[in-house]
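Source file: entry04.pdb; contents: PDB, C-alpha atoms.
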ATOM      1  CA  MET A   1     115.134 140.436 166.423
ATOM      2  CA  LYS A   2     113.461 141.715 169.572
ATOM      3  CA  LEU A   3     110.291 141.000 171.525
ATOM      4  CA  TYR A   4     107.944 143.759 172.647
ATOM      5  CA  ASP A   5     106.810 142.595 176.050
ATOM      6  CA  TYR A   6     104.993 143.485 179.263
ATOM      7  CA  PRO A   7     106.206 141.341 182.169
ATOM      8  CA  ILE A   8     102.914 140.843 184.035
ATOM      9  CA  ALA A   9     100.682 140.228 181.006
ATOM     10  CA  PRO A  10      99.875 136.578 180.236
ATOM     11  CA  ASN A  11     100.192 136.616 176.442
ATOM     12  CA  PRO A  12     103.808 137.854 176.427
ATOM     13  CA  ARG A  13     104.569 135.315 179.129
ATOM     14  CA  ARG A  14     103.380 132.518 176.851
ATOM     15  CA  VAL A  15     105.939 133.601 174.253
ATOM     16  CA  ARG A  16     108.729 134.047 176.836
ATOM     17  CA  PHE A  17     107.961 130.531 178.128
ATOM     18  CA  PHE A  18     108.180 129.184 174.573
ATOM     19  CA  ILE A  19     111.457 131.039 173.930
ATOM     20  CA  ALA A  20     112.957 129.695 177.162
ATOM     21  CA  GLU A  21     111.969 126.119 176.266
ATOM     22  CA  LYS A  22     113.768 126.607 172.948
ATOM     23  CA  GLY A  23     116.881 127.816 174.748
ATOM     24  CA  LEU A  24     116.838 131.081 172.790
ATOM     25  CA  THR A  25     117.875 134.543 173.918
ATOM     26  CA  ILE A  26     115.827 137.350 172.387
ATOM     27  CA  PRO A  27     116.128 140.930 173.664
ATOM     28  CA  THR A  28     112.918 142.444 175.006
ATOM     29  CA  VAL A  29     111.452 145.934 174.910
ATOM     30  CA  THR A  30     108.918 146.701 177.628
ATOM     31  CA  VAL A  31     105.661 148.295 176.528
ATOM     32  CA  ASN A  32     104.018 149.533 179.730
ATOM     33  CA  LEU A  33     100.345 148.696 179.312
ATOM     34  CA  ALA A  34      99.472 150.353 182.615
ATOM     35  CA  LYS A  35     100.736 153.628 181.163
ATOM     36  CA  ARG A  36      98.909 152.907 177.871
ATOM     37  CA  GLU A  37     102.139 152.871 175.888
ATOM     38  CA  GLN A  38     100.530 150.393 173.506
ATOM     39  CA  PHE A  39      98.551 153.312 172.073
ATOM     40  CA  ALA A  40     101.594 155.497 171.353
ATOM     41  CA  PRO A  41     101.938 156.351 167.643
ATOM     42  CA  THR A  42     105.293 154.604 167.376
ATOM     43  CA  PHE A  43     103.898 151.339 168.718
ATOM     44  CA  ARG A  44     100.683 151.629 166.688
ATOM     45  CA  ALA A  45     102.856 151.852 163.593
ATOM     46  CA  LEU A  46     104.438 148.552 164.618
ATOM     47  CA  ASN A  47     101.167 146.853 165.599
ATOM     48  CA  PRO A  48      97.875 148.624 164.787
ATOM     49  CA  GLY A  49      96.160 146.105 167.045
ATOM     50  CA  CYS A  50      97.846 147.786 170.041
ATOM     51  CA  THR A  51      98.680 144.502 171.754
ATOM     52  CA  VAL A  52     101.756 142.710 173.006
ATOM     53  CA  PRO A  53     103.669 140.564 172.335
ATOM     54  CA  VAL A  54     105.152 141.633 169.029
ATOM     55  CA  LEU A  55     108.240 140.029 167.532
ATOM     56  CA  GLU A  56     110.184 142.496 165.383
ATOM     57  CA  LEU A  57     112.574 140.857 162.950
ATOM     58  CA  ASP A  58     115.923 142.293 161.941
ATOM     59  CA  ASP A  59     114.454 143.670 158.715
ATOM     60  CA  GLY A  60     111.704 145.517 160.611
ATOM     61  CA  THR A  61     108.939 143.002 159.919
ATOM     62  CA  ALA A  62     106.535 142.879 162.881
ATOM     63  CA  ILE A  63     104.739 139.674 163.864
ATOM     64  CA  SER A  64     101.967 139.719 166.455
ATOM     65  CA  GLU A  65      99.636 137.054 167.934
ATOM     66  CA  VAL A  66     101.071 134.381 170.207
ATOM     67  CA  PRO A  67     100.494 131.262 168.052
ATOM     68  CA  VAL A  68     101.946 132.997 164.992
ATOM     69  CA  ILE A  69     105.068 134.176 166.808
ATOM     70  CA  CYS A  70     105.570 130.689 168.219
ATOM     71  CA  ARG A  71     105.030 129.118 164.795
ATOM     72  CA  TYR A  72     107.720 131.366 163.335
ATOM     73  CA  LEU A  73     110.162 130.478 166.111
ATOM     74  CA  GLU A  74     109.340 126.778 165.777
ATOM     75  CA  ASP A  75     110.051 126.895 162.060
ATOM     76  CA  ARG A  76     113.346 128.676 162.619
ATOM     77  CA  HIS A  77     114.361 126.562 165.629
ATOM     78  CA  PRO A  78     112.638 123.161 165.377
ATOM     79  CA  ASP A  79     114.415 121.535 168.324
ATOM     80  CA  PRO A  80     113.044 120.772 170.776
ATOM     81  CA  PRO A  81     109.700 120.483 168.954
ATOM     82  CA  LEU A  82     106.901 122.183 170.884
ATOM     83  CA  MET A  83     104.285 122.146 168.131
ATOM     84  CA  GLY A  84     104.854 118.627 166.778
ATOM     85  CA  ASP A  85     107.279 117.222 164.237
ATOM     86  CA  THR A  86     104.851 115.223 162.087
ATOM     87  CA  ALA A  87     101.634 116.271 160.358
ATOM     88  CA  GLU A  88      99.578 114.245 162.833
ATOM     89  CA  GLN A  89     101.381 115.639 165.890
ATOM     90  CA  ARG A  90     101.087 119.192 164.614
ATOM     91  CA  ALA A  91      97.357 118.723 164.143
ATOM     92  CA  ILE A  92      96.785 117.169 167.572
ATOM     93  CA  ILE A  93      98.915 119.708 169.428
ATOM     94  CA  GLY A  94      97.341 122.564 167.481
ATOM     95  CA  MET A  95      93.877 121.277 168.337
ATOM     96  CA  TRP A  96      94.618 121.046 172.064
ATOM     97  CA  ASP A  97      96.350 124.415 172.137
ATOM     98  CA  ARG A  98      93.304 125.972 170.504
ATOM     99  CA  ARG A  99      91.053 124.315 173.088
ATOM    100  CA  MET A 100      93.223 125.691 175.886
ATOM    101  CA  GLU A 101      92.844 129.158 174.371
ATOM    102  CA  ILE A 102      89.098 129.019 173.801
ATOM    103  CA  ASP A 103      88.003 127.188 176.938
ATOM    104  CA  GLY A 104      90.626 128.517 179.348
ATOM    105  CA  TYR A 105      92.508 131.603 178.248
ATOM    106  CA  LEU A 106      89.518 133.432 176.769
ATOM    107  CA  ALA A 107      87.446 132.560 179.835
ATOM    108  CA  ALA A 108      90.119 134.082 182.084
ATOM    109  CA  MET A 109      90.204 137.217 179.958
ATOM    110  CA  GLU A 110      86.410 137.436 180.082
ATOM    111  CA  ALA A 111      86.482 137.287 183.878
ATOM    112  CA  VAL A 112      89.426 139.644 184.385
ATOM    113  CA  ARG A 113      88.660 142.325 181.831
ATOM    114  CA  ASN A 114      85.015 142.605 182.854
ATOM    115  CA  SER A 115      85.712 142.918 186.581
ATOM    116  CA  LEU A 116      88.946 144.741 187.426
ATOM    117  CA  PRO A 117      88.384 148.473 188.062
ATOM    118  CA  GLY A 118      91.645 149.351 186.333
ATOM    119  CA  LEU A 119      90.269 147.910 183.101
ATOM    120  CA  SER A 120      87.097 149.995 183.067
ATOM    121  CA  GLY A 121      86.319 150.764 179.435
ATOM    122  CA  ARG A 122      88.893 148.175 178.331
ATOM    123  CA  ALA A 123      86.822 145.002 178.393
ATOM    124  CA  LEU A 124      88.483 143.871 175.169
ATOM    125  CA  VAL A 125      92.085 144.327 174.101
ATOM    126  CA  GLY A 126      92.873 146.366 171.034
ATOM    127  CA  PRO A 127      92.551 149.919 169.778
ATOM    128  CA  HIS A 128      88.848 150.346 170.627
ATOM    129  CA  SER A 129      87.115 150.900 173.970
ATOM    130  CA  TYR A 130      84.359 148.608 175.243
ATOM    131  CA  ALA A 131      82.416 148.785 178.496
ATOM    132  CA  GLN A 132      82.677 146.077 181.113
ATOM    133  CA  ILE A 133      79.736 143.704 181.509
ATOM    134  CA  PRO A 134      79.651 142.235 185.028
ATOM    135  CA  GLU A 135      77.601 139.248 183.898
ATOM    136  CA  LEU A 136      80.445 138.249 181.581
ATOM    137  CA  ALA A 137      82.865 138.302 184.516
ATOM    138  CA  ALA A 138      80.648 135.834 186.376
ATOM    139  CA  ARG A 139      80.329 133.690 183.278
ATOM    140  CA  GLY A 140      84.098 133.723 182.824
ATOM    141  CA  ARG A 141      84.587 132.398 186.346
ATOM    142  CA  GLN A 142      82.122 129.589 185.682
ATOM    143  CA  ARG A 143      83.844 128.769 182.403
ATOM    144  CA  LEU A 144      87.169 128.568 184.247
ATOM    145  CA  ALA A 145      85.684 126.192 186.808
ATOM    146  CA  ASP A 146      84.460 123.977 183.963
ATOM    147  CA  PHE A 147      87.835 124.293 182.224
ATOM    148  CA  MET A 148      89.680 123.067 185.303
ATOM    149  CA  ALA A 149      87.318 120.121 185.745
ATOM    150  CA  ASP A 150      87.604 119.139 182.075
ATOM    151  CA  LEU A 151      91.381 119.468 182.059
ATOM    152  CA  ASP A 152      91.655 117.420 185.247
ATOM    153  CA  ALA A 153      89.667 114.644 183.555
ATOM    154  CA  ARG A 154      91.966 114.821 180.535
ATOM    155  CA  LEU A 155      95.109 114.655 182.655
ATOM    156  CA  HIS A 156      93.951 111.480 184.370
ATOM    157  CA  ASN A 157      94.690 109.733 181.064
ATOM    158  CA  VAL A 158      97.766 111.533 179.689
ATOM    159  CA  PRO A 159     100.839 113.173 181.256
ATOM    160  CA  TYR A 160     100.565 116.345 179.176
ATOM    161  CA  VAL A 161      97.703 118.283 177.654
ATOM    162  CA  ALA A 162      98.228 117.057 174.086
ATOM    163  CA  GLY A 163      99.385 113.557 174.982
ATOM    164  CA  ASP A 164     102.751 112.056 175.821
ATOM    165  CA  THR A 165     105.015 115.080 175.339
ATOM    166  CA  PHE A 166     105.242 118.619 176.657
ATOM    167  CA  SER A 167     104.019 121.144 174.092
ATOM    168  CA  ILE A 168     102.739 124.645 173.494
ATOM    169  CA  ALA A 169      99.347 123.420 174.734
ATOM    170  CA  ASP A 170     100.840 122.949 178.210
ATOM    171  CA  ILE A 171     102.279 126.456 178.072
ATOM    172  CA  THR A 172      98.898 127.961 177.205
ATOM    173  CA  ALA A 173      97.093 126.003 179.904
ATOM    174  CA  PHE A 174      99.677 126.668 182.615
ATOM    175  CA  VAL A 175      99.929 130.414 181.979
ATOM    176  CA  THR A 176      96.131 130.636 181.910
ATOM    177  CA  LEU A 177      95.725 128.921 185.272
ATOM    178  CA  ASP A 178      98.593 130.805 186.889
ATOM    179  CA  PHE A 179      97.090 134.093 185.695
ATOM    180  CA  ALA A 180      93.666 133.115 187.067
ATOM    181  CA  ARG A 181      95.264 132.294 190.406
ATOM    182  CA  SER A 182      97.045 135.645 190.646
ATOM    183  CA  ARG A 183      94.366 137.962 189.222
ATOM    184  CA  LEU A 184      91.144 136.192 190.155
ATOM    185  CA  LYS A 185      92.333 134.290 193.234
ATOM    186  CA  LEU A 186      90.997 131.085 191.676
ATOM    187  CA  GLU A 187      92.901 128.161 193.142
ATOM    188  CA  LEU A 188      93.010 124.721 191.615
ATOM    189  CA  PRO A 189      90.273 122.547 193.168
ATOM    190  CA  ASP A 190      91.430 120.232 195.935
ATOM    191  CA  GLU A 191      89.691 117.321 194.264
ATOM    192  CA  ALA A 192      91.465 117.908 190.933
ATOM    193  CA  ALA A 193      94.409 115.649 191.777
ATOM    194  CA  ALA A 194      95.639 115.124 188.220
ATOM    195  CA  LEU A 195      95.432 118.822 187.406
ATOM    196  CA  ARG A 196      97.289 119.776 190.579
ATOM    197  CA  ALA A 197     100.060 117.243 189.931
ATOM    198  CA  TRP A 198     100.455 118.410 186.329
ATOM    199  CA  PHE A 199     100.524 122.082 187.398
ATOM    200  CA  ALA A 200     103.183 121.406 190.031
ATOM    201  CA  SER A 201     105.365 119.551 187.535
ATOM    202  CA  ILE A 202     105.126 122.355 184.950
ATOM    203  CA  ALA A 203     105.868 124.955 187.620
ATOM    204  CA  GLU A 204     109.190 123.214 188.292
ATOM    205  CA  ARG A 205     110.421 123.805 184.751
ATOM    206  CA  PRO A 206     112.947 126.667 184.637
ATOM    207  CA  SER A 207     111.063 128.134 181.679
ATOM    208  CA  ALA A 208     107.984 128.596 183.872
ATOM    209  CA  GLN A 209     109.857 131.228 185.893
ATOM    210  CA  VAL A 210     110.167 133.721 183.026
TER     211      VAL A 210
END

Take the structure in this file and express it as structure tokens.
Amino acid sequence: MKLYDYPIAPNPRRVRFFIAEKGLTIPTVTVNLAKREQFAPTFRALNPGCTVPVLELDDGTAISEVPVICRYLEDRHPDPPLMGDTAEQRAIIGMWDRRMEIDGYLAAMEAVRNSLPGLSGRALVGPHSYAQIPELAARGRQRLADFMADLDARLHNVPYVAGDTFSIADITAFVTLDFARSRLKLELPDEAAALRAWFASIAERPSAQV
């Protein structure tokens, strides 16, 4: 199998982080989004959604969407478990990962894609063009501020996003916040002590360097 990737994009990084935590080695193929290679006919044939990451299996089957790729890899390589190893754990981790996506990741995308000049006409990912709406960029920044405050409150009570163990929910949250720091220059609030301590501990994991 091989992973279609773009090194500076956050969604592929989430999958690379997951792969590294699993101790797997999967070859990558770079799809240069800056050069719009995601719209090339050959890549469209692989993923009509024109997004990365895409995991191509040995038989040519193409799997896109981060949670689905990670679910496939978890099923094939269950240790260490990153999505839970009981029905209850899978539900709780899945719930928190979804919250990290909706409240954090989508807020970051709203802010970035509606503000950066290089994304003019590309306010949403995918094969279609949509105009930027500056008001959505401002709303995204406010949503991120709320996300950080809410996550800080959560992390006062548990060591990891979904509870007692590191999981895919931590990967989603960490990559989201690191992307917001680099692209939006949004630093973690000084008063968010629990969030800052959690972020520093995740950043020390070798898998966070991918």

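Here CA of Ile171 (chain A) is placed at a distance of 26.7 Å from CA of Pro127 (chain A).
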
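Distances from A:Ile93, A:Ala9, A:Ala137, A:Ile69 to Ala108 (chain A) were compared using all atoms listed in the file, and the smallest one belongs to A:Ala137.
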
Can you list what the PyMOL selection byres ((chain A and resi 144-149) around 9) grabs from this structure, as a list in words? Met100, Asp103, Gly104, Tyr105, Ala107, Ala108, Ala111, Arg139, Gly140, Arg141, Gln142, Arg143, Asp150, Leu151, Asp152, Ala153, Arg154, Leu177, Ala180, Leu186, Leu188, Pro189, Ala192 and Leu195 of chain A

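If you apply the PyMOL selection byres ((chain A and resi 207) around 7) to this structure, you end up with A:Phe17, A:Ala20, A:Glu21, A:Arg205, A:Pro206, A:Ala208, A:Gln209, A:Val210.
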
For Pro117 (chain A): contacts at 12 Å, all atoms listed in the file, fewer than 4 positions along chain excluded, given as a PyMOL selection string: chain A and resi 112-113+121-123+131-134

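Applied to this file, the PyMOL selection byres ((chain A and resi 168) around 7) selects Leu82, Met83, Asp97, Ser167, Ala169, Asp170, Ile171 and Thr172 of chain A.
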
Let me have the centre and edge lengths of the axis-aligned box enclosing all listed atoms of region 55-62 of chain A with 3 Å padding on every side, in Å to one decimal, as JSON.
{"center_x": 111.2, "center_y": 142.8, "center_z": 163.1, "size_x": 15.4, "size_y": 11.5, "size_z": 14.8}

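Using all atoms listed in the file, every residue with an atom at most 12 Å from the point (104.6, 144.3, 182.3) is listed here: Tyr4, Asp5, Tyr6, Pro7, Ile8, Ala9, Pro10, Asn11, Pro12, Arg13, Thr28, Val29, Thr30, Val31, Asn32, Leu33, Ala34, Lys35, Arg36, Glu37, Gln38, Val52, Pro53 and Val210 of chain A.
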
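Nearest residue to Lys22 (chain A), choosing from A:Ala197, A:Glu135, A:Pro78, A:Ala62 and counting all atoms listed in the file: A:Pro78.
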
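From CA of Pro48 (chain A) back to CA of Ser115 (chain A), the distance works out to 25.6 Å.
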
Here CA of Glu74 (chain A) and CA of Gly49 (chain A) stand apart by 23.4 Å

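With all atoms listed in the file as the atoms that count, the minimum distance from Arg90 (chain A) to the choices A:Tyr130, A:Arg71, A:Val175, A:Asn114 is reached by A:Arg71.
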
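Counting all atoms listed in the file and comparing A:Leu46, A:Leu136, A:Ile63, A:Met1, the residue that lies closest to Ile26 (chain A) is A:Met1.
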